[in-house]
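query-v1.txt, holding compact mmCIF, C-alpha atoms:
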```
# COMPACT_ATOMS: atom_id res chain seq x y z
CA MET A 1 28.36 -28.09 -26.20
CA GLU A 2 24.56 -27.74 -26.23
CA ASN A 3 24.71 -27.05 -22.50
CA ASN A 4 27.40 -24.46 -22.93
CA VAL A 5 25.35 -22.54 -25.47
CA GLU A 6 22.31 -22.61 -23.18
CA THR A 7 24.39 -21.37 -20.28
CA ARG A 8 25.75 -18.48 -22.26
CA SER A 9 22.26 -17.48 -23.34
CA ALA A 10 20.98 -17.72 -19.77
CA ARG A 11 23.87 -15.58 -18.58
CA LYS A 12 23.09 -12.95 -21.21
CA ASP A 13 19.44 -13.03 -20.08
CA ARG A 14 20.53 -12.40 -16.53
CA GLU A 15 22.92 -9.59 -17.51
CA ILE A 16 20.21 -7.86 -19.53
CA ILE A 17 17.69 -8.24 -16.71
CA GLU A 18 20.17 -6.80 -14.21
CA ALA A 19 20.95 -3.84 -16.47
CA ALA A 20 17.25 -3.27 -17.11
CA THR A 21 16.42 -3.41 -13.39
CA ALA A 22 18.99 -0.70 -12.65
CA ALA A 23 17.80 1.43 -15.56
CA PHE A 24 14.07 1.19 -14.75
CA ILE A 25 14.73 1.96 -11.08
CA ALA A 26 16.88 4.97 -11.94
CA LYS A 27 14.77 6.49 -14.72
CA GLY A 28 11.31 4.97 -14.60
CA TYR A 29 9.61 3.01 -17.35
CA ASP A 30 9.10 5.78 -19.89
CA GLY A 31 12.52 7.28 -19.20
CA THR A 32 14.35 4.07 -20.09
CA SER A 33 15.13 2.97 -23.65
CA MET A 34 16.10 -0.46 -24.93
CA GLU A 35 19.25 1.16 -26.34
CA GLU A 36 20.29 2.31 -22.88
CA ILE A 37 19.67 -1.13 -21.44
CA ALA A 38 21.78 -2.66 -24.19
CA THR A 39 24.68 -0.29 -23.44
CA LYS A 40 24.46 -0.99 -19.71
CA ALA A 41 24.40 -4.75 -20.38
CA GLY A 42 27.36 -4.51 -22.76
CA ALA A 43 25.24 -5.98 -25.54
CA SER A 44 23.97 -4.79 -28.88
CA LYS A 45 20.39 -3.56 -29.23
CA GLN A 46 19.76 -6.50 -31.57
CA THR A 47 20.87 -8.96 -28.89
CA VAL A 48 18.53 -7.38 -26.35
CA TYR A 49 15.62 -7.66 -28.79
CA LYS A 50 16.59 -11.23 -29.59
CA HIS A 51 16.31 -12.11 -25.89
CA PHE A 52 13.25 -9.95 -25.06
CA LYS A 53 10.76 -8.98 -27.71
CA ASP A 54 9.97 -5.50 -26.36
CA LYS A 55 10.39 -3.15 -23.41
CA GLU A 56 7.19 -4.30 -21.73
CA THR A 57 8.31 -7.95 -21.87
CA LEU A 58 11.64 -6.99 -20.35
CA PHE A 59 9.95 -4.94 -17.61
CA THR A 60 7.78 -7.95 -16.81
CA GLU A 61 10.87 -10.13 -16.51
CA VAL A 62 12.46 -7.57 -14.19
CA VAL A 63 9.37 -7.54 -12.01
CA GLU A 64 9.16 -11.32 -11.88
CA ALA A 65 12.85 -11.74 -11.10
CA THR A 66 12.60 -9.23 -8.24
CA ALA A 67 9.41 -10.79 -6.88
CA SER A 68 11.11 -14.16 -6.93
CA GLN A 69 14.22 -12.90 -5.05
CA THR A 70 12.10 -11.29 -2.35
CA ASN A 71 10.02 -14.43 -2.01
CA ASP A 72 13.14 -16.52 -1.57
CA ILE A 73 14.13 -14.45 1.47
CA VAL A 74 10.71 -14.78 3.11
CA GLU A 75 10.49 -18.46 2.22
CA ALA A 76 13.85 -19.24 3.80
CA VAL A 77 12.67 -17.69 7.07
CA THR A 78 9.27 -19.40 7.06
CA MET A 79 10.95 -22.77 6.53
CA LEU A 80 13.07 -22.24 9.61
CA LEU A 81 10.12 -20.84 11.57
CA SER A 82 7.95 -23.86 10.77
CA GLU A 83 10.43 -25.96 12.74
CA ALA A 84 10.92 -23.46 15.58
CA LYS A 85 10.41 -24.44 19.20
CA PHE A 86 9.35 -21.02 20.54
CA MET A 87 7.16 -18.52 18.80
CA GLU A 88 8.19 -15.05 19.82
CA GLY A 89 11.84 -15.01 18.72
CA GLY A 90 11.04 -16.83 15.49
CA LEU A 91 8.19 -14.53 14.58
CA GLN A 92 10.33 -11.51 15.35
CA GLN A 93 12.94 -12.83 12.93
CA LEU A 94 10.28 -13.33 10.27
CA ALA A 95 8.78 -9.87 10.76
CA ARG A 96 12.18 -8.18 10.76
CA ARG A 97 13.28 -10.02 7.61
CA MET A 98 9.97 -9.18 5.94
CA ILE A 99 10.27 -5.50 6.72
CA ALA A 100 13.94 -5.35 5.70
CA ALA A 101 13.27 -7.16 2.42
CA LEU A 102 10.19 -5.15 1.48
CA MET A 103 11.47 -1.75 2.58
CA ASP A 104 14.56 -2.06 0.41
CA ASP A 105 15.00 1.19 -1.56
CA GLU A 106 15.24 -0.44 -4.97
CA LEU A 107 12.30 -2.69 -4.32
CA LEU A 108 10.23 0.31 -3.23
CA ARG A 109 11.04 2.15 -6.45
CA LEU A 110 10.09 -0.86 -8.53
CA ARG A 111 6.89 -1.27 -6.54
CA ARG A 112 6.01 2.36 -7.23
CA LEU A 113 6.64 1.85 -10.95
CA ILE A 114 4.34 -1.15 -11.03
CA ILE A 115 1.55 0.79 -9.33
CA ALA A 116 2.12 3.78 -11.62
CA ASN A 117 1.74 1.56 -14.68
CA ALA A 118 -1.08 -0.67 -13.43
CA ASP A 119 -3.61 1.09 -15.66
CA ARG A 120 -1.84 0.58 -18.96
CA MET A 121 -0.10 -2.70 -18.09
CA PRO A 122 -2.64 -4.54 -15.92
CA GLN A 123 -1.00 -7.87 -16.73
CA LEU A 124 2.23 -6.68 -15.14
CA GLY A 125 0.57 -5.67 -11.88
CA ARG A 126 -1.37 -8.93 -11.86
CA SER A 127 1.87 -10.85 -12.29
CA TRP A 128 3.53 -9.00 -9.37
CA TYR A 129 0.46 -9.50 -7.25
CA GLU A 130 0.31 -13.24 -7.94
CA LYS A 131 4.00 -14.11 -8.07
CA GLY A 132 5.17 -11.68 -5.40
CA PHE A 133 2.44 -10.60 -3.03
CA GLU A 134 0.28 -13.74 -2.98
CA ARG A 135 3.14 -16.22 -3.07
CA MET A 136 4.70 -14.54 -0.05
CA LEU A 137 1.37 -14.62 1.74
CA ALA A 138 1.05 -18.32 0.86
CA SER A 139 4.51 -19.13 2.29
CA VAL A 140 3.66 -17.45 5.56
CA ALA A 141 0.18 -19.00 5.64
CA SER A 142 1.61 -22.47 5.15
CA CYS A 143 4.09 -21.84 7.96
CA PHE A 144 1.24 -20.69 10.25
CA GLN A 145 -0.72 -23.82 9.38
CA LYS A 146 2.22 -26.00 10.46
CA LEU A 147 2.67 -24.02 13.67
CA THR A 148 -1.05 -24.33 14.39
CA ASP A 149 -0.86 -28.10 13.79
CA ARG A 150 2.05 -28.22 16.23
CA GLY A 151 0.00 -26.34 18.84
CA LEU A 152 2.22 -23.24 18.81
CA LEU A 153 -0.25 -20.85 17.17
CA GLN A 154 -4.03 -20.64 16.97
CA THR A 155 -5.05 -19.71 13.44
CA SER A 156 -8.36 -20.97 12.07
CA ASP A 157 -7.65 -19.13 8.78
CA PRO A 158 -3.86 -19.10 8.31
CA ARG A 159 -4.00 -16.98 5.15
CA MET A 160 -6.00 -14.29 6.93
CA ALA A 161 -3.59 -14.48 9.87
CA ALA A 162 -0.65 -14.08 7.47
CA SER A 163 -2.25 -11.00 5.91
CA HIS A 164 -2.77 -9.60 9.41
CA LEU A 165 0.91 -9.97 10.20
CA PHE A 166 1.97 -8.35 6.92
CA GLY A 167 -0.57 -5.56 7.36
CA MET A 168 0.39 -4.76 10.94
CA VAL A 169 4.09 -4.78 10.15
CA LEU A 170 3.95 -2.87 6.88
CA TRP A 171 0.92 -0.57 6.76
CA ILE A 172 2.62 2.57 8.05
CA PRO A 173 6.15 2.25 6.67
CA MET A 174 5.05 1.00 3.25
CA ASN A 175 2.49 3.75 2.74
CA GLU A 176 4.86 6.40 3.98
CA ALA A 177 7.45 5.22 1.46
CA MET A 178 4.93 4.96 -1.38
CA PHE A 179 3.47 8.44 -0.85
CA THR A 180 6.56 10.39 0.06
CA GLY A 181 8.85 8.68 -2.40
CA ARG A 182 11.31 7.35 0.12
CA ASN A 183 11.67 5.37 3.32
CA PRO A 184 12.73 7.83 6.04
CA ARG A 185 13.05 5.19 8.76
CA SER A 186 16.21 3.68 10.16
CA LYS A 187 16.72 -0.08 10.37
CA ALA A 188 16.34 0.10 14.19
CA ASP A 189 13.07 2.01 13.86
CA LEU A 190 11.72 -0.53 11.37
CA GLU A 191 12.68 -3.35 13.73
CA ARG A 192 10.93 -1.73 16.69
CA HIS A 193 7.86 -1.39 14.50
CA ALA A 194 8.10 -5.06 13.48
CA ASP A 195 8.51 -6.18 17.10
CA ALA A 196 5.45 -4.22 18.27
CA SER A 197 3.41 -5.85 15.52
CA VAL A 198 4.60 -9.32 16.49
CA GLU A 199 3.52 -8.63 20.06
CA ALA A 200 0.00 -7.72 18.88
CA PHE A 201 -0.04 -10.68 16.51
CA LEU A 202 0.81 -13.08 19.32
CA ALA A 203 -1.87 -11.53 21.53
CA ALA A 204 -4.36 -12.31 18.76
CA TYR A 205 -3.05 -15.65 17.50
CA GLY A 206 -0.70 -16.98 20.14
CA VAL A 207 -1.58 -19.91 22.35
CA ARG A 208 -3.06 -18.61 25.59
CA PRO A 209 -1.61 -19.96 28.82
CA LYS A 210 -4.23 -22.23 30.43
CA MET B 1 -22.03 42.42 -1.31
CA GLU B 2 -18.49 41.60 -0.15
CA ASN B 3 -19.82 38.29 1.12
CA ASN B 4 -21.57 37.61 -2.12
CA VAL B 5 -18.38 38.09 -4.09
CA GLU B 6 -16.45 35.81 -1.76
CA THR B 7 -19.13 33.16 -2.04
CA ARG B 8 -19.03 33.27 -5.79
CA SER B 9 -15.26 32.88 -5.78
CA ALA B 10 -15.45 29.97 -3.35
CA ARG B 11 -18.08 28.31 -5.53
CA LYS B 12 -15.88 28.72 -8.61
CA ASP B 13 -12.99 27.20 -6.64
CA ARG B 14 -15.13 24.22 -5.80
CA GLU B 15 -16.39 23.80 -9.37
CA ILE B 16 -12.87 23.90 -10.73
CA ILE B 17 -11.64 21.40 -8.14
CA GLU B 18 -14.52 19.06 -8.95
CA ALA B 19 -13.84 19.28 -12.68
CA ALA B 20 -10.12 18.77 -12.09
CA THR B 21 -10.73 15.75 -9.85
CA ALA B 22 -12.81 14.07 -12.57
CA ALA B 23 -10.25 14.91 -15.25
CA PHE B 24 -7.21 13.69 -13.31
CA ILE B 25 -8.98 10.49 -12.35
CA ALA B 26 -10.05 9.82 -15.94
CA LYS B 27 -6.82 10.73 -17.74
CA GLY B 28 -4.01 10.87 -15.21
CA TYR B 29 -1.85 13.87 -14.41
CA ASP B 30 0.08 14.16 -17.67
CA GLY B 31 -2.99 13.39 -19.75
CA THR B 32 -4.97 16.31 -18.32
CA SER B 33 -4.61 19.92 -19.50
CA MET B 34 -5.71 23.10 -17.76
CA GLU B 35 -7.77 23.87 -20.88
CA GLU B 36 -9.73 20.67 -20.48
CA ILE B 37 -10.36 21.39 -16.81
CA ALA B 38 -11.60 24.87 -17.72
CA THR B 39 -14.04 23.45 -20.27
CA LYS B 40 -15.33 20.86 -17.81
CA ALA B 41 -15.77 23.55 -15.14
CA GLY B 42 -17.56 25.87 -17.58
CA ALA B 43 -14.91 28.51 -17.01
CA SER B 44 -12.31 30.23 -19.15
CA LYS B 45 -8.70 29.12 -18.99
CA GLN B 46 -7.83 32.56 -17.58
CA THR B 47 -10.30 32.07 -14.73
CA VAL B 48 -8.78 28.69 -13.88
CA TYR B 49 -5.29 30.23 -13.79
CA LYS B 50 -6.59 33.13 -11.70
CA HIS B 51 -7.82 30.66 -9.10
CA PHE B 52 -4.92 28.17 -9.27
CA LYS B 53 -1.50 29.22 -10.44
CA ASP B 54 -0.59 25.99 -12.23
CA LYS B 55 -1.57 22.38 -12.78
CA GLU B 56 0.51 21.11 -9.89
CA THR B 57 -1.17 23.54 -7.47
CA LEU B 58 -4.56 22.42 -8.70
CA PHE B 59 -3.63 18.75 -8.35
CA THR B 60 -2.50 19.44 -4.79
CA GLU B 61 -5.87 21.06 -4.05
CA VAL B 62 -7.65 18.03 -5.52
CA VAL B 63 -5.61 15.70 -3.34
CA GLU B 64 -6.21 17.74 -0.20
CA ALA B 65 -9.94 18.07 -0.84
CA THR B 66 -10.25 14.32 -1.34
CA ALA B 67 -8.14 13.53 1.74
CA SER B 68 -10.35 15.84 3.76
CA GLN B 69 -13.60 14.23 2.56
CA THR B 70 -12.33 10.75 3.38
CA ASN B 71 -11.18 11.90 6.79
CA ASP B 72 -14.59 13.35 7.53
CA ILE B 73 -16.18 9.95 7.01
CA VAL B 74 -13.72 8.19 9.32
CA GLU B 75 -13.91 10.98 11.90
CA ALA B 76 -17.71 10.82 12.06
CA VAL B 77 -17.52 7.10 12.86
CA THR B 78 -14.74 7.45 15.44
CA MET B 79 -16.73 10.14 17.26
CA LEU B 80 -19.68 7.80 17.57
CA LEU B 81 -17.44 4.89 18.49
CA SER B 82 -15.75 6.84 21.29
CA GLU B 83 -19.15 6.98 23.03
CA ALA B 84 -20.11 3.38 22.25
CA LYS B 85 -21.16 0.98 25.00
CA PHE B 86 -20.03 -2.25 23.34
CA MET B 87 -16.92 -2.74 21.29
CA GLU B 88 -17.55 -5.38 18.70
CA GLY B 89 -20.48 -3.82 16.80
CA GLY B 90 -18.92 -0.36 16.91
CA LEU B 91 -15.54 -1.51 15.69
CA GLN B 92 -17.20 -3.47 12.90
CA GLN B 93 -18.95 -0.29 11.80
CA LEU B 94 -15.65 1.59 11.88
CA ALA B 95 -13.80 -1.08 9.92
CA ARG B 96 -16.58 -1.42 7.35
CA ARG B 97 -16.79 2.35 6.85
CA MET B 98 -13.00 2.57 6.57
CA ILE B 99 -12.85 -0.14 3.94
CA ALA B 100 -15.79 1.29 1.98
CA ALA B 101 -14.35 4.81 2.04
CA LEU B 102 -10.81 3.80 1.12
CA MET B 103 -11.72 1.19 -1.49
CA ASP B 104 -13.80 3.68 -3.46
CA ASP B 105 -12.86 3.44 -7.15
CA GLU B 106 -12.14 7.13 -7.64
CA LEU B 107 -10.13 7.37 -4.45
CA LEU B 108 -8.07 4.35 -5.54
CA ARG B 109 -7.28 5.99 -8.87
CA LEU B 110 -6.24 9.20 -7.17
CA ARG B 111 -4.12 7.25 -4.71
CA ARG B 112 -2.37 5.53 -7.60
CA LEU B 113 -1.70 8.89 -9.26
CA ILE B 114 -0.14 10.25 -6.07
CA ILE B 115 2.15 7.23 -5.78
CA ALA B 116 3.03 7.43 -9.47
CA ASN B 117 4.07 11.07 -9.08
CA ALA B 118 5.74 10.83 -5.67
CA ASP B 119 9.20 11.09 -7.25
CA ARG B 120 8.69 14.33 -9.13
CA MET B 121 6.15 15.89 -6.71
CA PRO B 122 7.33 14.76 -3.27
CA GLN B 123 5.47 17.64 -1.63
CA LEU B 124 2.19 16.30 -2.97
CA GLY B 125 2.71 12.82 -1.55
CA ARG B 126 3.86 14.33 1.74
CA SER B 127 0.66 16.41 1.87
CA TRP B 128 -1.54 13.34 1.23
CA TYR B 129 0.40 11.36 3.79
CA GLU B 130 0.06 14.05 6.47
CA LYS B 131 -3.43 15.37 5.76
CA GLY B 132 -4.97 12.08 4.72
CA PHE B 133 -3.14 9.05 6.01
CA GLU B 134 -1.80 10.41 9.30
CA ARG B 135 -4.87 12.46 10.20
CA MET B 136 -7.04 9.40 9.78
CA LEU B 137 -4.67 7.39 11.93
CA ALA B 138 -4.77 10.16 14.54
CA SER B 139 -8.61 10.15 14.64
CA VAL B 140 -8.70 6.43 15.20
CA ALA B 141 -5.85 6.60 17.75
CA SER B 142 -7.65 9.28 19.73
CA CYS B 143 -10.81 7.16 19.72
CA PHE B 144 -8.82 4.13 20.97
CA GLN B 145 -7.32 6.26 23.74
CA LYS B 146 -10.81 7.23 24.92
CA LEU B 147 -12.00 3.63 24.76
CA THR B 148 -8.94 2.52 26.70
CA ASP B 149 -9.63 5.22 29.34
CA ARG B 150 -13.18 3.92 29.57
CA GLY B 151 -11.89 0.37 30.11
CA LEU B 152 -13.31 -0.98 26.85
CA LEU B 153 -10.01 -1.54 25.03
CA GLN B 154 -6.45 -2.24 26.13
CA THR B 155 -4.05 -0.19 24.04
CA SER B 156 -0.80 1.00 25.56
CA ASP B 157 0.12 2.67 22.23
CA PRO B 158 -3.16 3.76 20.60
CA ARG B 159 -1.48 5.01 17.42
CA MET B 160 0.22 1.65 16.89
CA ALA B 161 -3.09 -0.09 17.62
CA ALA B 162 -4.82 2.14 15.06
CA SER B 163 -2.20 1.28 12.44
CA HIS B 164 -2.71 -2.40 13.23
CA LEU B 165 -6.44 -2.11 12.59
CA PHE B 166 -5.89 -0.25 9.30
CA GLY B 167 -3.21 -2.70 8.24
CA MET B 168 -5.22 -5.81 9.02
CA VAL B 169 -8.33 -4.47 7.30
CA LEU B 170 -6.63 -3.00 4.23
CA TRP B 171 -3.39 -4.82 3.45
CA ILE B 172 -4.80 -7.35 0.99
CA PRO B 173 -7.58 -5.38 -0.73
CA MET B 174 -5.58 -2.16 -1.02
CA ASN B 175 -2.52 -3.84 -2.51
CA GLU B 176 -4.63 -5.92 -4.85
CA ALA B 177 -6.30 -2.73 -6.11
CA MET B 178 -3.02 -0.82 -6.39
CA PHE B 179 -1.21 -3.54 -8.35
CA THR B 180 -3.98 -4.80 -10.57
CA GLY B 181 -5.52 -1.41 -11.26
CA ARG B 182 -8.94 -2.19 -9.86
CA ASN B 183 -10.79 -3.50 -6.84
CA PRO B 184 -12.27 -6.85 -7.83
CA ARG B 185 -14.05 -7.42 -4.52
CA SER B 186 -17.76 -7.05 -3.79
CA LYS B 187 -19.02 -4.94 -0.89
CA ALA B 188 -20.02 -8.12 0.97
CA ASP B 189 -16.55 -9.60 0.49
CA LEU B 190 -14.90 -6.43 1.77
CA GLU B 191 -17.17 -6.47 4.81
CA ARG B 192 -16.34 -10.09 5.60
CA HIS B 193 -12.69 -9.14 5.37
CA ALA B 194 -13.24 -6.17 7.69
CA ASP B 195 -15.15 -8.30 10.21
CA ALA B 196 -12.41 -10.96 10.35
CA SER B 197 -9.86 -8.23 11.02
CA VAL B 198 -11.96 -6.75 13.82
CA GLU B 199 -12.14 -10.18 15.40
CA ALA B 200 -8.33 -10.46 15.40
CA PHE B 201 -7.98 -6.87 16.58
CA LEU B 202 -10.25 -7.54 19.57
CA ALA B 203 -8.33 -10.71 20.39
CA ALA B 204 -5.19 -8.54 20.55
CA TYR B 205 -6.56 -5.37 22.10
CA GLY B 206 -9.93 -6.23 23.60
CA VAL B 207 -10.50 -6.45 27.33
CA ARG B 208 -10.09 -10.07 28.42
CA PRO B 209 -12.88 -11.54 30.50
CA LYS B 210 -11.57 -12.08 34.02
```
As structure tokens:
Amino acid sequence: MENNVETRSARKDREIIEAATAAFIAKGYDGTSMEEIATKAGASKQTVYKHFKDKETLFTEVVEATASQTNDIVEAVTMLLSEAKFMEGGLQQLARRMIAALMDDELLRLRRLIIANADRMPQLGRSWYEKGFERMLASVASCFQKLTDRGLLQTSDPRMAASHLFGMVLWIPMNEAMFTGRNPRSKADLERHADASVEAFLAAYGVRPK
Amino acid sequence: MENNVETRSARKDREIIEAATAAFIAKGYDGTSMEEIATKAGASKQTVYKHFKDKETLFTEVVEATASQTNDIVEAVTMLLSEAKFMEGGLQQLARRMIAALMDDELLRLRRLIIANADRMPQLGRSWYEKGFERMLASVASCFQKLTDRGLLQTSDPRMAASHLFGMVLWIPMNEAMFTGRNPRSKADLERHADASVEAFLAAYGVRPK
């Protein structure tokens, strides 16, 4: 019985977070009210406030849930890549998954909201930076360390190498999307961009033929 | 006399743009009124409206003026670098100047404002992207083309190579500043970061010893 009650509460949490994510993405932070989120979640306003004490708390939960989902995608690929036999194909997979996950339209809108509100909610941006950005970097860095130990890459500073891969893959498309408000690139174009970056990455960090 | 009148008008333009830049950076777009800008510029509200038809136009001018100043810095370094004899020192200078120019506190705040308003003012973000981001990339790409022609670099796609240098140098510090609302890094730390990226860039695009 105890378990059942917990489960129901957790499900309500999830439903509210999902409704809030959609609302924030569609209307921004200021444009979204707790009332609207309640309606979308099929809950009363009181229930929403019982689960999340205010709009900022709920926004933080939305940001953390999204960061965590995106991390899971990258982590799944780095785990496979750590065990890979050949570098190029595996790294291409990683770079393509990274770019697909991070150039997702909804994620981009959320990312823009976080940046827009970084001044008045610094804790929120810090949370995204630590739980999203840095955790993802750490997953890739740990994968590069393993690949270096196995003699398949040459990275003396795996975290720096990870940031180089992210930066090469994402600098242009991410900035274009942030500034112009949308990602104008096709999936194929993003993949070509990812592949070119992997080629440069391997020229810098791959194991040279003797 | 004609000239004198033009000069006075151009000076008033500049004074208004400077006052507007400071106001937008301090209080954001919504938090700034044309009246306030007029007071800061020592002009009447009518004069401000005579020079710039509305707040959005003025904000666009601010963004373009700032993009142009930042470009000038990068362009000056790429012109020198195109003539350089040795790569490593010259590229370090370029990367350090890039990171110093782009991690400037006021520029970061302006950049955040552009991203925050990209939804409702897509033309503004597009203008920054084209006149700032892409022009800077084009300067560096043209420099890399010259260096490749001179046999000092190996870039088959100089624009891609330029984006790789920007991305490696800026991915971590720029995102940290965007999300957390400030740049927590010292000048020395930024330079170390730039130098490490130049090292990786040269491993990827430098001319290999035969």
Using only C-alpha atoms, find each residue in chain B having at least one atom no more than 6 Å away from chain A; report its shortest atom-to-atom pair and that distance in Å (one decimal), rows by chain then rising number, as a tab-separated table.
```
residue	atom	partner	partner_atom	distance
B:Ile115	CA	A:Phe179	CA	5.2
B:Ala116	CA	A:Ala116	CA	4.3
B:Ala118	CA	A:Gly181	CA	5.0
B:Asp119	CA	A:Gly181	CA	5.4
B:Pro122	CA	A:Thr180	CA	5.5
B:Gly125	CA	A:Phe179	CA	4.5
B:Arg126	CA	A:Thr180	CA	5.1
B:His164	CA	A:Met168	CA	4.5
B:Gly167	CA	A:Gly167	CA	4.0
B:Met168	CA	A:His164	CA	4.5
B:Trp171	CA	A:Gly167	CA	4.9
B:Met178	CA	A:Ile115	CA	5.7
B:Phe179	CA	A:Gly125	CA	4.5
B:Thr180	CA	A:Gly125	CA	4.8
B:Gly181	CA	A:Ala118	CA	5.0
B:Ala200	CA	A:Ala204	CA	5.5
B:Ala203	CA	A:Ala204	CA	4.6
B:Ala204	CA	A:Ala204	CA	4.3
```
Could you pull the residues within 9 Å of Leu147 (chain B), counting only C-alpha atoms, minus those fewer than 3 positions along the same chain, as an MDAnalysis selection string? chainID B and resid 81:84 87 142:144 150:155
Residue nearest Arg96 (chain B) among B:Ala76, B:Val63, B:Leu190, B:Ala20 (counting all atoms listed in the file): B:Leu190
Counting all atoms listed in the file, select every polymer residue within 6 Å of (8.4, -19.0, 6.5) as defined in the file's coordinates, and provide the selection as a VMD selection string. chain A and resid 74 to 75 77 to 79 81 139 to 140 143
What does the distance between CA of Arg14 (chain B) and CA of Glu35 (chain B) come to in Å, to one decimal place? 16.8 Å
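The protein and nucleic acid residues lying at most 12 Å from Gln69 (chain A) are Val62, Val63, Glu64, Ala65, Thr66, Asp72, Ile73, Val74, Glu75, Ala76, Ala101, Leu102, Leu107, Lys131, Gly132, Arg135 and Met136 of chain A, with all atoms listed in the file considered and sequence neighbours fewer than 3 positions away removed.
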Between CA of Asp54 (chain A) and CA of Leu110 (chain A), what distance in Å does the model show, to one decimal?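 Separation between CA of Asp54 (chain A) and CA of Leu110 (chain A): 18.4 Å.
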Of the candidates B:Glu106, B:Gln92, B:Ala67, B:Arg11, which one gets nearest to Lys27 (chain B) if we count all atoms listed in the file? B:Glu106
Suppose you want the space between CA of Ser44 (chain A) and CA of Ile25 (chain A); what is it in Å? 21.2 Å
Emit as AutoDock Vina command-line options the padded axis-aligned box for all listed atoms of region 17-24 of chain B, 3 Å per side, with centre and edge lengths in Å to one decimal.
```
--center_x -10.9 --center_y 17.5 --center_z -11.7 --size_x 13.3 --size_y 13.7 --size_z 13.1
```
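If only C-alpha atoms are the atoms counted, then among B:Ala100, B:Thr148, B:Glu61, B:Leu108 the closest residue to Lys187 (chain B) is B:Ala100.
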